[in-house]
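With PDB, N, CA and C atoms inside, this is data17.pdb:
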```
ATOM      1  N   MET A  84      87.645  99.507 104.311
ATOM      2  CA  MET A  84      88.619 100.517 104.711
ATOM      3  C   MET A  84      89.312 100.058 105.997
ATOM      4  N   SER A  85      90.508  99.521 105.865
ATOM      5  CA  SER A  85      91.194  98.959 107.008
ATOM      6  C   SER A  85      92.099  99.976 107.703
ATOM      7  N   GLY A  86      93.112 100.435 107.017
ATOM      8  CA  GLY A  86      94.030 101.394 107.614
ATOM      9  C   GLY A  86      95.163 100.772 108.406
ATOM     10  N   ALA A  87      95.323  99.454 108.335
ATOM     11  CA  ALA A  87      96.397  98.804 109.083
ATOM     12  C   ALA A  87      97.768  99.270 108.603
ATOM     13  N   TYR A  88      97.925  99.419 107.294
ATOM     14  CA  TYR A  88      99.209  99.881 106.751
ATOM     15  C   TYR A  88      99.487 101.322 107.195
ATOM     16  N   THR A  89      98.466 102.155 107.177
ATOM     17  CA  THR A  89      98.612 103.534 107.641
ATOM     18  C   THR A  89      99.028 103.558 109.104
ATOM     19  N   ALA A  90      98.385 102.742 109.907
ATOM     20  CA  ALA A  90      98.720 102.672 111.333
ATOM     21  C   ALA A  90     100.158 102.201 111.531
ATOM     22  N   ALA A  91     100.588 101.212 110.750
ATOM     23  CA  ALA A  91     101.956 100.709 110.860
ATOM     24  C   ALA A  91     102.965 101.791 110.490
ATOM     25  N   LEU A  92     102.666 102.563 109.457
ATOM     26  CA  LEU A  92     103.554 103.652 109.060
ATOM     27  C   LEU A  92     103.627 104.732 110.139
ATOM     28  N   LEU A  93     102.486 105.061 110.725
ATOM     29  CA  LEU A  93     102.457 106.085 111.776
ATOM     30  C   LEU A  93     103.197 105.618 113.027
ATOM     31  N   VAL A  94     103.010 104.368 113.416
ATOM     32  CA  VAL A  94     103.710 103.830 114.591
ATOM     33  C   VAL A  94     105.216 103.774 114.320
ATOM     34  N   SER A  95     105.591 103.342 113.128
ATOM     35  CA  SER A  95     107.009 103.281 112.777
ATOM     36  C   SER A  95     107.640 104.671 112.769
ATOM     37  N   THR A  96     106.930 105.644 112.248
ATOM     38  CA  THR A  96     107.435 107.018 112.248
ATOM     39  C   THR A  96     107.545 107.546 113.676
ATOM     40  N   ALA A  97     106.582 107.214 114.522
ATOM     41  CA  ALA A  97     106.649 107.623 115.930
ATOM     42  C   ALA A  97     107.884 107.023 116.605
ATOM     43  N   CYS A  98     108.229 105.788 116.264
ATOM     44  CA  CYS A  98     109.438 105.170 116.816
ATOM     45  C   CYS A  98     110.689 105.916 116.349
ATOM     46  N   LEU A  99     110.689 106.365 115.094
ATOM     47  CA  LEU A  99     111.816 107.163 114.605
ATOM     48  C   LEU A  99     111.926 108.475 115.378
ATOM     49  N   VAL A 100     110.786 109.087 115.656
ATOM     50  CA  VAL A 100     110.781 110.337 116.432
ATOM     51  C   VAL A 100     111.395 110.083 117.815
ATOM     52  N   LEU A 101     111.022 108.978 118.442
ATOM     53  CA  LEU A 101     111.583 108.654 119.757
ATOM     54  C   LEU A 101     113.098 108.468 119.689
ATOM     55  N   LEU A 102     113.574 107.742 118.673
ATOM     56  CA  LEU A 102     115.015 107.573 118.496
ATOM     57  C   LEU A 102     115.705 108.916 118.272
ATOM     58  N   ASP A 103     115.097 109.724 117.434
ATOM     59  CA  ASP A 103     115.657 111.037 117.114
ATOM     60  C   ASP A 103     115.748 111.905 118.367
ATOM     61  N   MET A 104     114.701 111.938 119.143
ATOM     62  CA  MET A 104     114.690 112.762 120.355
ATOM     63  C   MET A 104     115.685 112.233 121.392
ATOM     64  N   ARG A 105     115.739 110.926 121.533
ATOM     65  CA  ARG A 105     116.616 110.319 122.544
ATOM     66  C   ARG A 105     118.088 110.565 122.231
ATOM     67  N   PHE A 106     118.469 110.396 120.968
ATOM     68  CA  PHE A 106     119.885 110.481 120.603
ATOM     69  C   PHE A 106     120.261 111.776 119.881
ATOM     70  N   ARG A 107     119.321 112.717 119.783
ATOM     71  CA  ARG A 107     119.575 114.014 119.148
ATOM     72  C   ARG A 107     120.233 113.844 117.782
ATOM     73  N   LEU A 108     119.544 113.118 116.908
ATOM     74  CA  LEU A 108     120.131 112.787 115.621
ATOM     75  C   LEU A 108     119.777 113.762 114.502
ATOM     76  N   VAL A 109     118.530 114.187 114.418
ATOM     77  CA  VAL A 109     118.112 114.987 113.270
ATOM     78  C   VAL A 109     117.432 116.274 113.721
ATOM     79  N   PHE A 110     116.220 116.192 114.204
ATOM     80  CA  PHE A 110     115.442 117.397 114.510
ATOM     81  C   PHE A 110     115.928 118.124 115.759
ATOM     82  N   ARG A 111     116.453 117.426 116.740
ATOM     83  CA  ARG A 111     116.977 118.122 117.923
ATOM     84  C   ARG A 111     118.363 118.682 117.665
ATOM     85  N   ARG A 112     118.985 118.236 116.608
ATOM     86  CA  ARG A 112     120.315 118.717 116.253
ATOM     87  C   ARG A 112     120.240 119.982 115.404
ATOM     88  N   GLY A 113     119.313 120.017 114.460
ATOM     89  CA  GLY A 113     119.150 121.174 113.576
ATOM     90  C   GLY A 113     117.765 121.150 112.965
ATOM     91  N   PRO A 114     116.763 121.653 113.687
ATOM     92  CA  PRO A 114     115.369 121.515 113.233
ATOM     93  C   PRO A 114     115.075 122.150 111.880
ATOM     94  N   ALA A 115     115.644 123.312 111.600
ATOM     95  CA  ALA A 115     115.364 123.977 110.324
ATOM     96  C   ALA A 115     115.948 123.182 109.158
ATOM     97  N   LEU A 116     117.200 122.790 109.281
ATOM     98  CA  LEU A 116     117.850 122.015 108.231
ATOM     99  C   LEU A 116     117.177 120.654 108.051
ATOM    100  N   ALA A 117     116.785 120.027 109.147
ATOM    101  CA  ALA A 117     116.102 118.735 109.076
ATOM    102  C   ALA A 117     114.758 118.859 108.361
ATOM    103  N   THR A 118     114.036 119.922 108.642
ATOM    104  CA  THR A 118     112.744 120.141 107.993
ATOM    105  C   THR A 118     112.924 120.325 106.488
ATOM    106  N   VAL A 119     113.896 121.134 106.113
ATOM    107  CA  VAL A 119     114.165 121.355 104.687
ATOM    108  C   VAL A 119     114.569 120.046 104.014
ATOM    109  N   ALA A 120     115.460 119.292 104.642
ATOM    110  CA  ALA A 120     115.915 118.025 104.063
ATOM    111  C   ALA A 120     114.758 117.048 103.901
ATOM    112  N   LEU A 121     113.889 116.979 104.888
ATOM    113  CA  LEU A 121     112.748 116.071 104.816
ATOM    114  C   LEU A 121     111.784 116.487 103.700
ATOM    115  N   ILE A 122     111.518 117.767 103.595
ATOM    116  CA  ILE A 122     110.593 118.264 102.572
ATOM    117  C   ILE A 122     111.180 118.082 101.169
ATOM    118  N   VAL A 123     112.450 118.419 101.004
ATOM    119  CA  VAL A 123     113.086 118.274  99.687
ATOM    120  C   VAL A 123     113.135 116.801  99.274
ATOM    121  N   GLY A 124     113.502 115.938 100.203
ATOM    122  CA  GLY A 124     113.554 114.507  99.893
ATOM    123  C   GLY A 124     112.192 113.954  99.524
ATOM    124  N   ALA A 125     111.178 114.297 100.301
ATOM    125  CA  ALA A 125     109.825 113.819 100.010
ATOM    126  C   ALA A 125     109.329 114.390  98.684
ATOM    127  N   ALA A 126     109.626 115.664  98.423
ATOM    128  CA  ALA A 126     109.197 116.288  97.161
ATOM    129  C   ALA A 126     109.846 115.590  95.964
ATOM    130  N   PHE A 127     111.113 115.232  96.102
ATOM    131  CA  PHE A 127     111.789 114.509  95.020
ATOM    132  C   PHE A 127     111.066 113.200  94.710
ATOM    133  N   PHE A 128     110.751 112.440  95.750
ATOM    134  CA  PHE A 128     110.104 111.149  95.518
ATOM    135  C   PHE A 128     108.645 111.284  95.102
ATOM    136  N   ILE A 129     107.984 112.349  95.514
ATOM    137  CA  ILE A 129     106.622 112.610  95.024
ATOM    138  C   ILE A 129     106.678 112.892  93.525
ATOM    139  N   ALA A 130     107.658 113.690  93.104
ATOM    140  CA  ALA A 130     107.828 113.957  91.672
ATOM    141  C   ALA A 130     108.169 112.665  90.931
ATOM    142  N   TRP A 131     109.026 111.862  91.519
ATOM    143  CA  TRP A 131     109.394 110.560  90.947
ATOM    144  C   TRP A 131     108.135 109.711  90.754
ATOM    145  N   ASP A 132     107.301 109.653  91.777
ATOM    146  CA  ASP A 132     106.052 108.897  91.688
ATOM    147  C   ASP A 132     105.124 109.469  90.615
ATOM    148  N   ALA A 133     105.050 110.801  90.538
ATOM    149  CA  ALA A 133     104.176 111.434  89.541
ATOM    150  C   ALA A 133     104.603 111.052  88.125
ATOM    151  N   VAL A 134     105.911 111.031  87.892
ATOM    152  CA  VAL A 134     106.405 110.622  86.575
ATOM    153  C   VAL A 134     106.062 109.155  86.324
ATOM    154  N   GLY A 135     106.303 108.323  87.321
ATOM    155  CA  GLY A 135     105.984 106.897  87.181
ATOM    156  C   GLY A 135     104.505 106.652  86.936
ATOM    157  N   ILE A 136     103.659 107.401  87.620
ATOM    158  CA  ILE A 136     102.207 107.277  87.440
ATOM    159  C   ILE A 136     101.825 107.731  86.034
ATOM    160  N   SER A 137     102.385 108.857  85.587
ATOM    161  CA  SER A 137     102.026 109.375  84.254
ATOM    162  C   SER A 137     102.482 108.438  83.141
ATOM    163  N   LEU A 138     103.573 107.695  83.371
ATOM    164  CA  LEU A 138     104.059 106.739  82.375
ATOM    165  C   LEU A 138     103.378 105.378  82.489
ATOM    166  N   GLY A 139     102.536 105.227  83.497
ATOM    167  CA  GLY A 139     101.845 103.958  83.688
ATOM    168  C   GLY A 139     102.667 102.898  84.390
ATOM    169  N   VAL A 140     103.826 103.303  84.924
ATOM    170  CA  VAL A 140     104.691 102.360  85.638
ATOM    171  C   VAL A 140     104.111 102.051  87.014
ATOM    172  N   PHE A 141     103.629 103.085  87.707
ATOM    173  CA  PHE A 141     103.029 102.921  89.026
ATOM    174  C   PHE A 141     101.522 103.042  88.889
ATOM    175  N   ARG A 142     100.828 102.156  89.544
ATOM    176  CA  ARG A 142      99.374 102.284  89.587
ATOM    177  C   ARG A 142      98.881 101.781  90.931
ATOM    178  N   HIS A 143      97.782 102.359  91.337
ATOM    179  CA  HIS A 143      97.206 102.014  92.635
ATOM    180  C   HIS A 143      96.311 100.793  92.497
ATOM    181  N   LEU A 144      96.525  99.835  93.378
ATOM    182  CA  LEU A 144      95.660  98.663  93.450
ATOM    183  C   LEU A 144      94.998  98.661  94.814
ATOM    184  N   ASP A 145      93.718  98.398  94.843
ATOM    185  CA  ASP A 145      93.016  98.350  96.129
ATOM    186  C   ASP A 145      93.609  97.256  97.009
ATOM    187  N   SER A 146      93.696  97.556  98.285
ATOM    188  CA  SER A 146      94.233  96.612  99.251
ATOM    189  C   SER A 146      93.377  96.653 100.506
ATOM    190  N   ARG A 147      93.201  95.518 101.107
ATOM    191  CA  ARG A 147      92.417  95.508 102.349
ATOM    192  C   ARG A 147      93.191  96.107 103.513
ATOM    193  N   TRP A 148      94.494  96.331 103.330
ATOM    194  CA  TRP A 148      95.330  96.896 104.391
ATOM    195  C   TRP A 148      95.391  98.418 104.350
ATOM    196  N   ALA A 149      95.029  99.001 103.217
ATOM    197  CA  ALA A 149      95.118 100.453 103.041
ATOM    198  C   ALA A 149      93.763 101.110 103.302
ATOM    199  N   THR A 150      93.793 102.423 103.431
ATOM    200  CA  THR A 150      92.558 103.160 103.697
ATOM    201  C   THR A 150      91.711 103.341 102.454
ATOM    202  N   GLY A 151      92.342 103.353 101.290
ATOM    203  CA  GLY A 151      91.613 103.607 100.051
ATOM    204  C   GLY A 151      91.523 105.087  99.726
ATOM    205  N   ILE A 152      92.137 105.940 100.559
ATOM    206  CA  ILE A 152      92.119 107.382 100.331
ATOM    207  C   ILE A 152      93.221 107.727  99.323
ATOM    208  N   LEU A 153      92.830 108.371  98.230
ATOM    209  CA  LEU A 153      93.784 108.778  97.208
ATOM    210  C   LEU A 153      93.969 110.299  97.265
ATOM    211  N   LEU A 154      95.212 110.745  97.294
ATOM    212  CA  LEU A 154      95.515 112.175  97.269
ATOM    213  C   LEU A 154      95.507 112.705  95.838
ATOM    214  N   ALA A 155      95.768 111.824  94.900
ATOM    215  CA  ALA A 155      95.740 112.107  93.465
ATOM    216  C   ALA A 155      95.484 110.755  92.790
ATOM    217  N   PRO A 156      95.176 110.756  91.519
ATOM    218  CA  PRO A 156      94.978 109.462  90.850
ATOM    219  C   PRO A 156      96.197 108.549  91.023
ATOM    220  N   ASP A 157      95.967 107.358  91.505
ATOM    221  CA  ASP A 157      97.005 106.348  91.732
ATOM    222  C   ASP A 157      98.050 106.757  92.781
ATOM    223  N   PHE A 158      97.725 107.715  93.642
ATOM    224  CA  PHE A 158      98.649 108.164  94.693
ATOM    225  C   PHE A 158      97.931 108.123  96.041
ATOM    226  N   PRO A 159      98.008 106.977  96.730
ATOM    227  CA  PRO A 159      97.309 106.846  98.011
ATOM    228  C   PRO A 159      98.007 107.607  99.135
ATOM    229  N   VAL A 160      97.257 107.917 100.154
ATOM    230  CA  VAL A 160      97.802 108.643 101.307
ATOM    231  C   VAL A 160      98.954 107.857 101.937
ATOM    232  N   GLU A 161      98.895 106.542 101.872
ATOM    233  CA  GLU A 161      99.965 105.712 102.441
ATOM    234  C   GLU A 161     101.295 105.944 101.736
ATOM    235  N   GLU A 162     101.248 106.269 100.449
ATOM    236  CA  GLU A 162     102.486 106.541  99.714
ATOM    237  C   GLU A 162     103.177 107.778 100.264
ATOM    238  N   LEU A 163     102.415 108.811 100.533
ATOM    239  CA  LEU A 163     102.990 110.029 101.123
ATOM    240  C   LEU A 163     103.584 109.722 102.500
ATOM    241  N   LEU A 164     102.857 108.987 103.320
ATOM    242  CA  LEU A 164     103.371 108.622 104.642
ATOM    243  C   LEU A 164     104.638 107.793 104.525
ATOM    244  N   PHE A 165     104.668 106.868 103.564
ATOM    245  CA  PHE A 165     105.856 106.043 103.357
ATOM    246  C   PHE A 165     107.051 106.890 102.923
ATOM    247  N   LEU A 166     106.818 107.848 102.030
ATOM    248  CA  LEU A 166     107.914 108.689 101.551
ATOM    249  C   LEU A 166     108.489 109.543 102.680
ATOM    250  N   VAL A 167     107.641 110.070 103.539
ATOM    251  CA  VAL A 167     108.121 110.826 104.699
ATOM    252  C   VAL A 167     108.902 109.897 105.634
ATOM    253  N   PHE A 168     108.361 108.704 105.892
ATOM    254  CA  PHE A 168     109.040 107.722 106.736
ATOM    255  C   PHE A 168     110.412 107.364 106.158
ATOM    256  N   LEU A 169     110.451 107.073 104.861
ATOM    257  CA  LEU A 169     111.701 106.672 104.202
ATOM    258  C   LEU A 169     112.755 107.769 104.300
ATOM    259  N   ASN A 170     112.370 109.003 104.063
ATOM    260  CA  ASN A 170     113.320 110.110 104.133
ATOM    261  C   ASN A 170     113.784 110.360 105.564
ATOM    262  N   TYR A 171     112.875 110.276 106.516
ATOM    263  CA  TYR A 171     113.237 110.479 107.919
ATOM    264  C   TYR A 171     114.182 109.374 108.384
ATOM    265  N   LEU A 172     113.896 108.144 108.009
ATOM    266  CA  LEU A 172     114.769 107.023 108.354
ATOM    267  C   LEU A 172     116.162 107.230 107.778
ATOM    268  N   THR A 173     116.231 107.693 106.536
ATOM    269  CA  THR A 173     117.519 107.941 105.901
ATOM    270  C   THR A 173     118.293 109.022 106.642
ATOM    271  N   LEU A 174     117.620 110.101 107.017
ATOM    272  CA  LEU A 174     118.284 111.164 107.776
ATOM    273  C   LEU A 174     118.809 110.649 109.111
ATOM    274  N   ILE A 175     118.028 109.827 109.784
ATOM    275  CA  ILE A 175     118.454 109.270 111.073
ATOM    276  C   ILE A 175     119.651 108.347 110.891
ATOM    277  N   LEU A 176     119.602 107.481 109.882
ATOM    278  CA  LEU A 176     120.719 106.562 109.638
ATOM    279  C   LEU A 176     122.000 107.325 109.283
ATOM    280  N   LEU A 177     121.889 108.335 108.428
ATOM    281  CA  LEU A 177     123.069 109.126 108.062
ATOM    282  C   LEU A 177     123.636 109.878 109.264
ATOM    283  N   SER A 178     122.774 110.453 110.066
ATOM    284  CA  SER A 178     123.218 111.184 111.246
ATOM    285  C   SER A 178     123.859 110.241 112.262
ATOM    286  N   GLY A 179     123.239 109.081 112.467
ATOM    287  CA  GLY A 179     123.803 108.097 113.389
ATOM    288  C   GLY A 179     125.154 107.584 112.919
ATOM    289  N   TRP A 180     125.282 107.346 111.621
ATOM    290  CA  TRP A 180     126.542 106.882 111.062
ATOM    291  C   TRP A 180     127.624 107.948 111.219
ATOM    292  N   GLN A 181     127.248 109.197 110.970
ATOM    293  CA  GLN A 181     128.193 110.297 111.126
ATOM    294  C   GLN A 181     128.667 110.409 112.578
ATOM    295  N   ARG A 182     127.735 110.298 113.511
ATOM    296  CA  ARG A 182     128.112 110.372 114.928
ATOM    297  C   ARG A 182     129.012 109.204 115.310
ATOM    298  N   TRP A 183     128.709 108.018 114.806
ATOM    299  CA  TRP A 183     129.515 106.830 115.085
ATOM    300  C   TRP A 183     130.936 107.015 114.569
ATOM    301  N   ARG A 184     131.067 107.578 113.359
ATOM    302  CA  ARG A 184     132.394 107.836 112.777
ATOM    303  C   ARG A 184     133.149 108.872 113.597
ATOM    304  N   GLU A 185     132.453 109.911 114.054
ATOM    305  CA  GLU A 185     133.098 110.946 114.858
ATOM    306  C   GLU A 185     133.623 110.373 116.166
ATOM    307  N   LYS A 186     132.844 109.506 116.788
ATOM    308  CA  LYS A 186     133.288 108.892 118.055
ATOM    309  C   LYS A 186     134.466 107.972 117.819
ATOM    310  N   GLY A 187     134.488 107.293 116.673
ATOM    311  CA  GLY A 187     135.596 106.408 116.342
ATOM    312  C   GLY A 187     136.901 107.167 116.118
ATOM    313  N   ASN A 188     136.829 108.377 115.621
ATOM    314  CA  ASN A 188     138.017 109.191 115.366
ATOM    315  C   ASN A 188     138.548 109.859 116.622
ATOM    316  N   GLN A 189     137.759 109.883 117.697
ATOM    317  CA  GLN A 189     138.199 110.519 118.943
ATOM    318  C   GLN A 189     139.099 109.623 119.767
ATOM    319  N   ARG A 190     139.138 108.366 119.439
ATOM    320  CA  ARG A 190     139.937 107.421 120.244
ATOM    321  C   ARG A 190     141.392 107.501 119.953
TER
END
```
Just dump the structure as structure tokens.
Amino acid sequence: MSGAYTAALLVSTACLVLLDMRFRLVFRRGPALATVALIVGAAFFIAWDAVGISLGVFRHLDSRWATGILLAPDFPVEELLFLVFLNYLTLILLSGWQRWREKGNQR
């Protein structure tokens, strides 16, 4: 049981939180809307994974980098952390791009 991948995901997500707080991109801009967007996005990909798992497309393989903790058959805890990270990163990138475009139009 290593947990290195879990630690990397948590550290990476913490870095996103720092960026978000510093530049007021997602949660400091609209916490309720950001929470809903994050939950809906993660739920979509969890459902996507569930379909893939049920069809045998996705399967869990033991890794020395993962914790080995499964939330459901073939659904490791790292997958949930990754899906939250991926959605949060997307929200930050979209918000940053929108702000960049707004500043470009002010000139």
Checklist entry - Which residues come within 12 Å of stretch 111-119 of chain A, counting only C-alpha atoms, excluding same-chain residues fewer than 2 positions away, as an MDAnalysis selection string? => result chainID A and resid 100:109 121:126 167 170:175 177:179 182
Suppose we keep N, CA and C atoms; can you now write the selection as a PDB file, in the frame of the given file?
```pdb
ATOM      1  N   VAL A 100     110.786 109.087 115.656  1.00  0.00           N
ATOM      2  CA  VAL A 100     110.781 110.337 116.432  1.00  0.00           C
ATOM      3  C   VAL A 100     111.395 110.083 117.815  1.00  0.00           C
ATOM      4  N   LEU A 101     111.022 108.978 118.442  1.00  0.00           N
ATOM      5  CA  LEU A 101     111.583 108.654 119.757  1.00  0.00           C
ATOM      6  C   LEU A 101     113.098 108.468 119.689  1.00  0.00           C
ATOM      7  N   LEU A 102     113.574 107.742 118.673  1.00  0.00           N
ATOM      8  CA  LEU A 102     115.015 107.573 118.496  1.00  0.00           C
ATOM      9  C   LEU A 102     115.705 108.916 118.272  1.00  0.00           C
ATOM     10  N   ASP A 103     115.097 109.724 117.434  1.00  0.00           N
ATOM     11  CA  ASP A 103     115.657 111.037 117.114  1.00  0.00           C
ATOM     12  C   ASP A 103     115.748 111.905 118.367  1.00  0.00           C
ATOM     13  N   MET A 104     114.701 111.938 119.143  1.00  0.00           N
ATOM     14  CA  MET A 104     114.690 112.762 120.355  1.00  0.00           C
ATOM     15  C   MET A 104     115.685 112.233 121.392  1.00  0.00           C
ATOM     16  N   ARG A 105     115.739 110.926 121.533  1.00  0.00           N
ATOM     17  CA  ARG A 105     116.616 110.319 122.544  1.00  0.00           C
ATOM     18  C   ARG A 105     118.088 110.565 122.231  1.00  0.00           C
ATOM     19  N   PHE A 106     118.469 110.396 120.968  1.00  0.00           N
ATOM     20  CA  PHE A 106     119.885 110.481 120.603  1.00  0.00           C
ATOM     21  C   PHE A 106     120.261 111.776 119.881  1.00  0.00           C
ATOM     22  N   ARG A 107     119.321 112.717 119.783  1.00  0.00           N
ATOM     23  CA  ARG A 107     119.575 114.014 119.148  1.00  0.00           C
ATOM     24  C   ARG A 107     120.233 113.844 117.782  1.00  0.00           C
ATOM     25  N   LEU A 108     119.544 113.118 116.908  1.00  0.00           N
ATOM     26  CA  LEU A 108     120.131 112.787 115.621  1.00  0.00           C
ATOM     27  C   LEU A 108     119.777 113.762 114.502  1.00  0.00           C
ATOM     28  N   VAL A 109     118.530 114.187 114.418  1.00  0.00           N
ATOM     29  CA  VAL A 109     118.112 114.987 113.270  1.00  0.00           C
ATOM     30  C   VAL A 109     117.432 116.274 113.721  1.00  0.00           C
ATOM     31  N   LEU A 121     113.889 116.979 104.888  1.00  0.00           N
ATOM     32  CA  LEU A 121     112.748 116.071 104.816  1.00  0.00           C
ATOM     33  C   LEU A 121     111.784 116.487 103.700  1.00  0.00           C
ATOM     34  N   ILE A 122     111.518 117.767 103.595  1.00  0.00           N
ATOM     35  CA  ILE A 122     110.593 118.264 102.572  1.00  0.00           C
ATOM     36  C   ILE A 122     111.180 118.082 101.169  1.00  0.00           C
ATOM     37  N   VAL A 123     112.450 118.419 101.004  1.00  0.00           N
ATOM     38  CA  VAL A 123     113.086 118.274  99.687  1.00  0.00           C
ATOM     39  C   VAL A 123     113.135 116.801  99.274  1.00  0.00           C
ATOM     40  N   GLY A 124     113.502 115.938 100.203  1.00  0.00           N
ATOM     41  CA  GLY A 124     113.554 114.507  99.893  1.00  0.00           C
ATOM     42  C   GLY A 124     112.192 113.954  99.524  1.00  0.00           C
ATOM     43  N   ALA A 125     111.178 114.297 100.301  1.00  0.00           N
ATOM     44  CA  ALA A 125     109.825 113.819 100.010  1.00  0.00           C
ATOM     45  C   ALA A 125     109.329 114.390  98.684  1.00  0.00           C
ATOM     46  N   ALA A 126     109.626 115.664  98.423  1.00  0.00           N
ATOM     47  CA  ALA A 126     109.197 116.288  97.161  1.00  0.00           C
ATOM     48  C   ALA A 126     109.846 115.590  95.964  1.00  0.00           C
ATOM     49  N   VAL A 167     107.641 110.070 103.539  1.00  0.00           N
ATOM     50  CA  VAL A 167     108.121 110.826 104.699  1.00  0.00           C
ATOM     51  C   VAL A 167     108.902 109.897 105.634  1.00  0.00           C
ATOM     52  N   ASN A 170     112.370 109.003 104.063  1.00  0.00           N
ATOM     53  CA  ASN A 170     113.320 110.110 104.133  1.00  0.00           C
ATOM     54  C   ASN A 170     113.784 110.360 105.564  1.00  0.00           C
ATOM     55  N   TYR A 171     112.875 110.276 106.516  1.00  0.00           N
ATOM     56  CA  TYR A 171     113.237 110.479 107.919  1.00  0.00           C
ATOM     57  C   TYR A 171     114.182 109.374 108.384  1.00  0.00           C
ATOM     58  N   LEU A 172     113.896 108.144 108.009  1.00  0.00           N
ATOM     59  CA  LEU A 172     114.769 107.023 108.354  1.00  0.00           C
ATOM     60  C   LEU A 172     116.162 107.230 107.778  1.00  0.00           C
ATOM     61  N   THR A 173     116.231 107.693 106.536  1.00  0.00           N
ATOM     62  CA  THR A 173     117.519 107.941 105.901  1.00  0.00           C
ATOM     63  C   THR A 173     118.293 109.022 106.642  1.00  0.00           C
ATOM     64  N   LEU A 174     117.620 110.101 107.017  1.00  0.00           N
ATOM     65  CA  LEU A 174     118.284 111.164 107.776  1.00  0.00           C
ATOM     66  C   LEU A 174     118.809 110.649 109.111  1.00  0.00           C
ATOM     67  N   ILE A 175     118.028 109.827 109.784  1.00  0.00           N
ATOM     68  CA  ILE A 175     118.454 109.270 111.073  1.00  0.00           C
ATOM     69  C   ILE A 175     119.651 108.347 110.891  1.00  0.00           C
ATOM     70  N   LEU A 177     121.889 108.335 108.428  1.00  0.00           N
ATOM     71  CA  LEU A 177     123.069 109.126 108.062  1.00  0.00           C
ATOM     72  C   LEU A 177     123.636 109.878 109.264  1.00  0.00           C
ATOM     73  N   SER A 178     122.774 110.453 110.066  1.00  0.00           N
ATOM     74  CA  SER A 178     123.218 111.184 111.246  1.00  0.00           C
ATOM     75  C   SER A 178     123.859 110.241 112.262  1.00  0.00           C
ATOM     76  N   GLY A 179     123.239 109.081 112.467  1.00  0.00           N
ATOM     77  CA  GLY A 179     123.803 108.097 113.389  1.00  0.00           C
ATOM     78  C   GLY A 179     125.154 107.584 112.919  1.00  0.00           C
ATOM     79  N   ARG A 182     127.735 110.298 113.511  1.00  0.00           N
ATOM     80  CA  ARG A 182     128.112 110.372 114.928  1.00  0.00           C
ATOM     81  C   ARG A 182     129.012 109.204 115.310  1.00  0.00           C
TER      82      ARG A 182
END
```
Checklist entry - Among chain A, which ones does DSSP place in alpha helix (DSSP H), written as a PyMOL selection string? => result chain A and resi 87-106+114-137+160-188
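Take atom C of A:Val94 and atom C of A:Phe127: the distance between them is 22.5 Å.
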Checklist outcome for this item: One decimal place gives the atom CA of A:Leu166-atom CA of A:Gln181 separation as 22.5 Å
Next on the checklist: Quick check for you: according to DSSP on this backbone, which residues of stretch 126-159 of chain A are classed as strand (DSSP E)? Reply as JSON, numbers by chain.
Outcome noted: {"A": [153, 154, 155, 158, 159]}
Next on the checklist: Using only N, CA and C atoms for the distances, tell me which of A:Trp183, A:Leu92, A:Gly86, A:Leu144 is nearest to A:Leu164.
Outcome noted: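 Closest to A:Leu164, using only N, CA and C atoms: A:Leu92.
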Checklist outcome for this item: In Å and to one decimal, atom C of A:Ala87 is distant from atom C of A:Ala149 by 6.9 Å
Next on the checklist: I need every residue sitting at most 10 Å from the point (101.4, 106.9, 94.9) (coordinates as in the file, only C-alpha atoms considered), written as a PyMOL selection string.
Outcome noted: chain A and resi 128-129+131-133+135-136+141-143+153-163+165-166
Item to check | Counting only C-alpha atoms, the residue of A:Val134, A:Ala120, A:Thr89, A:Phe168 that sits nearest A:Ile152 | outcome: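 Ranked by minimum distance to A:Ile152, first place goes to A:Thr89.
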With 8 Å added on each side, what axis-aligned box encloses every listed atom of stretch 89-97 of chain A? Give the centre and edge lengths in Å to one decimal, as lines of an AutoDock Vina configuration file.
```
center_x = 103.1
center_y = 104.2
center_z = 111.9
size_x = 25.5
size_y = 22.9
size_z = 25.4
```
